[in-house]
Amino acid sequence: MAFDVARVRGLFPALGDGWVHLDAPAGMQVPEQVATAVSTALRAPVSGPGGIFPASQRAQGIVDAARRSVADLVGGDPAGVVLGPSSAVLLQRLADAMTDDWFMGDEVLVSRLDHPANIAPWLRATQRTGSAVKWAEIDIETCELPSWQYDELVTDRTKLIAITAASGVVGTRPDLGKISAVARAHGSMMVVDASSAAPFVPLDIVGTGADVVALSAGQWGGPPVGALVFRDPSVLERLPSVSVDPTARGPERLELGPHAYPMLAGLVASVEYLADLDDAASGTRRERLLTSLGSVKAYQAGLLANLINELRSLRHVMVIGDAMRRVPALAFTIAGVKAEDVVEHLASRGVCAFADPGQHGVFSVLGVGEVGGAIRVGLAHYTNAVEVDDLVRAVAELG
C-alpha cells in the first residue's frame with residue numbers, strides 16, 4: 001500500500017488558501033480533476049438522451065458512466081443506481097414511493113446516530129401512514145450503536161430499518177452485518193446512509209446486507225450529486241414511479257427529470273479520484289477502489305489516533321465517544337468555553353471547524369447543549385500530521 005498524502009494534497013487547488021481544512025464533515029474540497037471534468041462537460045455540446053445525434057448520445061454516455069462508477073464504489077449493479085441532486089432528496093423520494101402500503105401498526109426503526117437526511121423522511125412517512133416509530137439508542141459513554149438492541153426492537157411489523165454506515169458527527173461505524181441479519185429474519189428492508197463512510201472505508205452492499213445504500217458525492221470531494229444503490233435492481237420495478245415520464249423504467253422511476261450532466265461527469269471523475277488515492281493500486285476500478293480506500297483507512301486510523309490522544313492529554317478537553325470502529329470525524333468540548341468561542345479562536349489560528357449547539361441528534365441525547373455545545377472536526381484525504389498538530393496547539397491555548 002502506498003498512500004502519499006503530499007501527492008494527494010497536490011490534487012487540491014483549494015488548499016492554496018493557507019487554511020487548515022478540518023471541515024470535512026461538511027464535504028471535502030474538490031480535486032482539480034473533478035473541477036476539470038465538470039467544466040469540460042459544460043463546454044461540450046450535451047442534449048437530452050434519446051436522440052441519435054452526438055450531443056444526445058454524449059448525455060446518455062455520461063449517465064451510464066455515472067451509474068457504473070457508483071456501482072463500482074459500493075460493489076453493486078449499475079441497473080440499481082438512482083441518481084439525483086442529493087442523498088437527502090433521493091431518500092425523501094424513496095420514502096414517498098415505498099410507503100403507499102404502510103398502515104397503522106406497521107413500524108419503522110431509526111437511530112439516534114443517523115444524519116437527519118435518513119431520519120426525517122421516515123418520520124414524515126409514519127405521520128402520513130399512521131405507522132409507529134422506534135428508536136435505536138446509542139451508548140452515551142462510547143457513542144456506539146449496540147447491535148444487540150435490534151434483536152428486541154425489530155419485529156415482523158417492522159417495514160424498514162434506517163441506519164448509517166458511519167456517523168459524520170462522532171465517527172461511529174455500526175455493525176451493519178449483525179443488524180442486517182436481524183432485518184432479513186423479519187423481512188424488513190434496510191436503508192443505509194453511507195455518505196460519511198464512503199470517503200474512508202471500502203463499501204460492499206452485498207457484504208453489509210443493505211437493501212439500499214445512499215451516497216453523497218460531496219463528502220469525498222465530488223460535485224453536489226447524490227445516489228441510491230439498490231442491491232436488487234428489480235425492487236425498483238415494484239415501487240410506484242415518481243418520474244414525470246410515464247414510460248420510465250428501472251432507476252429512472254425515482255429520477256424526476258433531466259440530469260445535471262456536467263455534475264454527473266464530475267461524479268465519474270470523483271470516483272476515479274478515489275480509485276487512484278493509492279498510486280500502487282491496479283486492476284479494475286472496483287479493485288483499485290478497494291485497494292485505495294483500504295490504504296486511506298489505514299492512514300487515517302493512525303492520524304485520528306494521534307489526534308485523539310493529543311486532545312485527551314489536555315485536561316480542559318473532553319473528546320466525545322470512544323467507538324472501536326469509526327471514521328475520522330470527532331467532536332469535543334472545552335471546559336468553561338462555549339463551542340462558538342472555540343471555533344472563533346480556531347479560525348483566528350487558521351483552522352476550520354464547526355460549532356454545534358447540541359440541540360439535535362447525538363448531542364441532544366448526550367446533553368452537550370448544557371455545556372455550551374460541541375466542536376466538530378473531520379479529517380480529509382489531504383489532512384497531514386502538521387495540520388493535526390496545528391489544531392492541538394490552538395486548542396491547548398484555551399487551557
# chains A, B, ... in the order shown; residues from 1 in each chain; ligands from 1
call {"tool": "closest_atom_pairs", "arguments": {"of": "range 23-110 of chain A", "to": "range 256-279 of chain A", "cutoff": "6 Å", "atoms": "only C-alpha atoms", "output": "Markdown table"}}
result
| residue | atom | partner | partner_atom | distance |
| --- | --- | --- | --- | --- |
| A:Val34 | CA | A:Gly266 | CA | 4.9 |
| A:Ala37 | CA | A:Gly266 | CA | 5.2 |
| A:Val38 | CA | A:Pro262 | CA | 4.7 |
| A:Ala41 | CA | A:Pro262 | CA | 4.9 |
| A:Leu42 | CA | A:Pro262 | CA | 5.7 |
| A:Ile62 | CA | A:Ala265 | CA | 6.0 |
| A:Ala66 | CA | A:Val268 | CA | 5.3 |
| A:Ser69 | CA | A:Val268 | CA | 5.8 |
call {"tool": "residues_around", "arguments": {"residues": "Ala95 in chain A", "least_positions_apart": "3", "cutoff": "12 Å", "atoms": "only C-alpha atoms", "output": "PDB file with C-alpha atoms, in the first residue's frame"}}
result
ATOM      1  CA  ALA A  88     -31.459  13.801   1.155  1.00  0.00           C
ATOM      2  CA  VAL A  89     -33.700  14.424  -1.861  1.00  0.00           C
ATOM      3  CA  LEU A  90     -33.421  10.825  -3.019  1.00  0.00           C
ATOM      4  CA  LEU A  91     -34.181   9.404   0.427  1.00  0.00           C
ATOM      5  CA  GLN A  92     -37.314  11.540   0.546  1.00  0.00           C
ATOM      6  CA  MET A  98     -42.339   2.864  -0.791  1.00  0.00           C
ATOM      7  CA  THR A  99     -44.781   3.836   1.960  1.00  0.00           C
ATOM      8  CA  ASP A 100     -48.012   3.582  -0.028  1.00  0.00           C
ATOM      9  CA  ASP A 101     -48.709   0.187   1.527  1.00  0.00           C
ATOM     10  CA  TRP A 102     -47.806   1.124   5.102  1.00  0.00           C
ATOM     11  CA  VAL A 108     -40.080   1.912  11.116  1.00  0.00           C
ATOM     12  CA  ALA A 117     -31.410  13.020   5.947  1.00  0.00           C
ATOM     13  CA  ASN A 118     -32.041   9.382   6.890  1.00  0.00           C
ATOM     14  CA  ILE A 119     -34.458  10.147   9.716  1.00  0.00           C
ATOM     15  CA  ALA A 120     -36.785  12.971   8.636  1.00  0.00           C
ATOM     16  CA  PRO A 121     -38.226  11.229   5.521  1.00  0.00           C
ATOM     17  CA  TRP A 122     -39.212   8.176   7.561  1.00  0.00           C
ATOM     18  CA  LEU A 123     -40.698  10.225  10.396  1.00  0.00           C
ATOM     19  CA  ARG A 124     -42.837  12.094   7.860  1.00  0.00           C
ATOM     20  CA  ALA A 125     -43.869   8.760   6.361  1.00  0.00           C
ATOM     21  CA  THR A 126     -45.072   7.458   9.725  1.00  0.00           C
ATOM     22  CA  GLN A 127     -47.087  10.621  10.320  1.00  0.00           C
ATOM     23  CA  ARG A 128     -48.721  10.209   6.921  1.00  0.00           C
ATOM     24  CA  THR A 129     -49.466   6.492   7.257  1.00  0.00           C
ATOM     25  CA  LYS A 159     -41.205  -2.425   7.471  1.00  0.00           C
ATOM     26  CA  LEU A 160     -37.884  -0.593   7.358  1.00  0.00           C
ATOM     27  CA  ILE A 161     -34.658  -0.069   9.298  1.00  0.00           C
ATOM     28  CA  ALA A 162     -32.842   3.201   8.553  1.00  0.00           C
ATOM     29  CA  MET A 189     -35.850  -3.532   4.358  1.00  0.00           C
ATOM     30  CA  VAL A 191     -31.654   1.539   4.104  1.00  0.00           C
ATOM     31  CA  VAL A 212     -30.462   0.340  -0.360  1.00  0.00           C
ATOM     32  CA  LEU A 239     -42.071   0.755  -6.417  1.00  0.00           C
ATOM     33  CA  PRO A 240     -44.549   3.404  -7.569  1.00  0.00           C
ATOM     34  CA  SER A 241     -42.835   5.667 -10.077  1.00  0.00           C
ATOM     35  CA  VAL A 242     -42.234   9.319  -9.157  1.00  0.00           C
ATOM     36  CA  LEU A 254     -37.054   7.542  -8.992  1.00  0.00           C
TER      37      LEU A 254
END
call {"tool": "closest_residue", "arguments": {"among": "A:Gly27, A:Gly399, A:Leu290, A:Arg249", "to": "His316 in chain A", "atoms": "only C-alpha atoms"}}
result
A:Gly399
call {"tool": "closest_atom_pairs", "arguments": {"of": "range 159-217 of chain A", "to": "range 331-344 of chain A", "cutoff": "12 Å", "atoms": "only C-alpha atoms", "output": "tab-separated table"}}
result
residue	atom	partner	partner_atom	distance
A:Ser167	CA	A:Ala331	CA	11.0
A:Gly168	CA	A:Ala331	CA	9.8
A:Val169	CA	A:Ala331	CA	6.6
A:Val170	CA	A:Ala331	CA	5.8
A:Gly171	CA	A:Ala331	CA	8.7
A:Thr172	CA	A:Ala331	CA	11.3
call {"tool": "write_last_selection", "arguments": {"atoms": "C-alpha atoms", "output": "short mmCIF file (atom, residue, chain, number, x, y, z; two decimals), in the first residue's frame"}}
result
data_model
loop_
_atom_site.label_atom_id
_atom_site.label_comp_id
_atom_site.auth_asym_id
_atom_site.auth_seq_id
_atom_site.Cartn_x
_atom_site.Cartn_y
_atom_site.Cartn_z
CA SER A 167 -21.62 8.99 11.82
CA GLY A 168 -20.23 12.20 10.39
CA VAL A 169 -20.54 13.71 13.89
CA VAL A 170 -18.76 11.28 16.22
CA GLY A 171 -17.34 8.81 13.68
CA THR A 172 -19.07 5.65 14.96
#
call {"tool": "closest_residue", "arguments": {"among": "A:Ala79, A:Leu304, A:Gly358, A:Phe53", "to": "Ala65 in chain A", "atoms": "only C-alpha atoms"}}
result
A:Ala79
call {"tool": "closest_atom_pairs", "arguments": {"of": "range 186-281 of chain A", "to": "range 6-25 of chain A", "cutoff": "9 Å", "atoms": "only C-alpha atoms", "output": "Markdown table"}}
result
| residue | atom | partner | partner_atom | distance |
| --- | --- | --- | --- | --- |
| A:Ser196 | CA | A:Pro25 | CA | 7.5 |
| A:Gln219 | CA | A:Pro25 | CA | 7.1 |
| A:Trp220 | CA | A:Ala24 | CA | 8.5 |
| A:Leu277 | CA | A:Val8 | CA | 7.0 |
call {"tool": "select_by_dssp", "arguments": {"residues": "range 49-245 of chain A", "states": "strand (DSSP E or B)", "output": "NGL selection string"}}
result
:A and (81-84 or 104 or 106-111 or 132-136 or 158-164 or 172 or 189-193 or 212-216 or 226-230)
call {"tool": "closest_residue", "arguments": {"among": "A:Arg173, A:Arg349, A:Arg157, A:Arg238", "to": "Ala194 in chain A", "atoms": "only C-alpha atoms"}}
result
A:Arg173
call {"tool": "residues_around", "arguments": {"residues": "Gly84 in chain A", "least_positions_apart": "3", "cutoff": "7 Å", "atoms": "only C-alpha atoms", "output": "ChimeraX atom specification"}}
result
/A:90,225-227,255
call {"tool": "atom_distance", "arguments": {"atom1": "CA of Gly321 in chain A", "atom2": "CA of Glu144 in chain A"}}
result
7.7 Å
call {"tool": "select_by_dssp", "arguments": {"residues": "range 55-193 of chain A", "states": "helix (DSSP H, G or I)", "output": "PyMOL selection string"}}
result
chain A and resi 55-74+78-80+87-98+116-118+120-129+149-153+176-185
call {"tool": "atom_distance", "arguments": {"atom1": "CA of Leu391 in chain A", "atom2": "CA of Met28 in chain A"}}
result
17.6 Å
call {"tool": "decode", "arguments": {"residues": "range 131-162 of chain A", "atoms": "N, CA, C and O atoms", "output": "compact mmCIF listing (two decimals), in the first residue's frame"}}
result
# COMPACT_ATOMS: atom_id res chain seq x y z
N SER A 131 -48.21 4.73 10.91
CA SER A 131 -47.32 3.68 11.43
C SER A 131 -46.51 4.23 12.59
O SER A 131 -46.47 5.43 12.86
N ALA A 132 -45.82 3.33 13.29
CA ALA A 132 -45.13 3.69 14.52
C ALA A 132 -43.62 3.86 14.28
O ALA A 132 -43.05 3.26 13.37
N VAL A 133 -43.00 4.70 15.13
CA VAL A 133 -41.56 4.94 15.08
C VAL A 133 -40.90 4.30 16.30
O VAL A 133 -41.39 4.47 17.42
N LYS A 134 -39.82 3.60 16.06
CA LYS A 134 -38.97 3.11 17.14
C LYS A 134 -37.57 3.71 16.97
O LYS A 134 -37.15 3.97 15.84
N TRP A 135 -36.87 3.88 18.09
CA TRP A 135 -35.54 4.48 18.05
C TRP A 135 -34.50 3.51 18.60
O TRP A 135 -34.68 2.94 19.69
N ALA A 136 -33.42 3.33 17.86
CA ALA A 136 -32.24 2.62 18.38
C ALA A 136 -31.35 3.65 19.05
O ALA A 136 -31.03 4.69 18.46
N GLU A 137 -30.97 3.38 20.29
CA GLU A 137 -30.24 4.35 21.09
C GLU A 137 -28.73 4.08 21.07
O GLU A 137 -28.29 2.96 20.82
N ILE A 138 -27.97 5.13 21.36
CA ILE A 138 -26.52 4.99 21.44
C ILE A 138 -26.09 4.79 22.89
O ILE A 138 -26.82 5.13 23.82
N ASP A 139 -24.92 4.21 23.06
CA ASP A 139 -24.27 4.13 24.36
C ASP A 139 -23.69 5.52 24.66
O ASP A 139 -22.82 6.00 23.91
N ILE A 140 -24.14 6.17 25.72
CA ILE A 140 -23.74 7.56 25.95
C ILE A 140 -22.27 7.69 26.34
O ILE A 140 -21.71 8.79 26.27
N GLU A 141 -21.63 6.61 26.74
CA GLU A 141 -20.21 6.67 27.09
C GLU A 141 -19.32 6.56 25.86
O GLU A 141 -18.35 7.30 25.71
N THR A 142 -19.64 5.62 24.98
CA THR A 142 -18.78 5.35 23.82
C THR A 142 -19.32 5.89 22.51
O THR A 142 -18.57 5.98 21.54
N CYS A 143 -20.60 6.23 22.48
CA CYS A 143 -21.30 6.62 21.25
C CYS A 143 -21.39 5.47 20.25
O CYS A 143 -21.59 5.68 19.05
N GLU A 144 -21.24 4.25 20.75
CA GLU A 144 -21.52 3.07 19.93
C GLU A 144 -23.03 2.93 19.75
O GLU A 144 -23.82 3.44 20.56
N LEU A 145 -23.43 2.23 18.69
CA LEU A 145 -24.83 1.87 18.48
C LEU A 145 -24.92 0.36 18.67
O LEU A 145 -24.71 -0.40 17.72
N PRO A 146 -25.23 -0.11 19.88
CA PRO A 146 -25.20 -1.55 20.16
C PRO A 146 -26.13 -2.34 19.25
O PRO A 146 -27.31 -2.01 19.12
N SER A 147 -25.58 -3.37 18.62
CA SER A 147 -26.39 -4.15 17.69
C SER A 147 -27.38 -5.07 18.40
O SER A 147 -28.40 -5.44 17.82
N TRP A 148 -27.10 -5.42 19.68
CA TRP A 148 -27.99 -6.34 20.39
C TRP A 148 -29.39 -5.79 20.54
O TRP A 148 -30.36 -6.55 20.62
N GLN A 149 -29.53 -4.46 20.59
CA GLN A 149 -30.86 -3.90 20.80
C GLN A 149 -31.80 -4.16 19.62
O GLN A 149 -33.03 -4.14 19.78
N TYR A 150 -31.22 -4.40 18.44
CA TYR A 150 -32.06 -4.67 17.27
C TYR A 150 -32.81 -5.99 17.40
O TYR A 150 -33.88 -6.16 16.83
N ASP A 151 -32.25 -6.94 18.18
CA ASP A 151 -32.97 -8.19 18.43
C ASP A 151 -34.29 -7.93 19.13
O ASP A 151 -35.27 -8.65 18.93
N GLU A 152 -34.31 -6.89 19.96
CA GLU A 152 -35.51 -6.57 20.72
C GLU A 152 -36.43 -5.61 19.98
O GLU A 152 -37.66 -5.68 20.11
N LEU A 153 -35.83 -4.71 19.18
CA LEU A 153 -36.62 -3.65 18.54
C LEU A 153 -37.31 -4.10 17.25
O LEU A 153 -38.39 -3.63 16.92
N VAL A 154 -36.67 -5.00 16.51
CA VAL A 154 -37.21 -5.41 15.20
C VAL A 154 -38.24 -6.51 15.39
O VAL A 154 -38.00 -7.50 16.10
N THR A 155 -39.40 -6.34 14.77
CA THR A 155 -40.46 -7.34 14.82
C THR A 155 -40.93 -7.63 13.40
O THR A 155 -40.46 -7.03 12.43
N ASP A 156 -41.89 -8.52 13.29
CA ASP A 156 -42.43 -8.84 11.97
C ASP A 156 -43.25 -7.68 11.40
O ASP A 156 -43.60 -7.69 10.22
N ARG A 157 -43.54 -6.64 12.20
CA ARG A 157 -44.25 -5.46 11.72
C ARG A 157 -43.28 -4.36 11.28
O ARG A 157 -43.71 -3.31 10.82
N THR A 158 -41.99 -4.59 11.45
CA THR A 158 -41.00 -3.58 11.08
C THR A 158 -40.82 -3.57 9.56
O THR A 158 -40.28 -4.51 8.98
N LYS A 159 -41.29 -2.52 8.93
CA LYS A 159 -41.21 -2.43 7.47
C LYS A 159 -39.81 -2.02 7.02
O LYS A 159 -39.35 -2.45 5.96
N LEU A 160 -39.15 -1.15 7.82
CA LEU A 160 -37.88 -0.59 7.36
C LEU A 160 -36.98 -0.24 8.54
O LEU A 160 -37.46 0.22 9.58
N ILE A 161 -35.69 -0.48 8.35
CA ILE A 161 -34.66 -0.07 9.30
C ILE A 161 -33.78 0.94 8.59
O ILE A 161 -33.17 0.64 7.56
N ALA A 162 -33.72 2.16 9.10
CA ALA A 162 -32.84 3.20 8.55
C ALA A 162 -31.65 3.35 9.47
O ALA A 162 -31.81 3.53 10.68
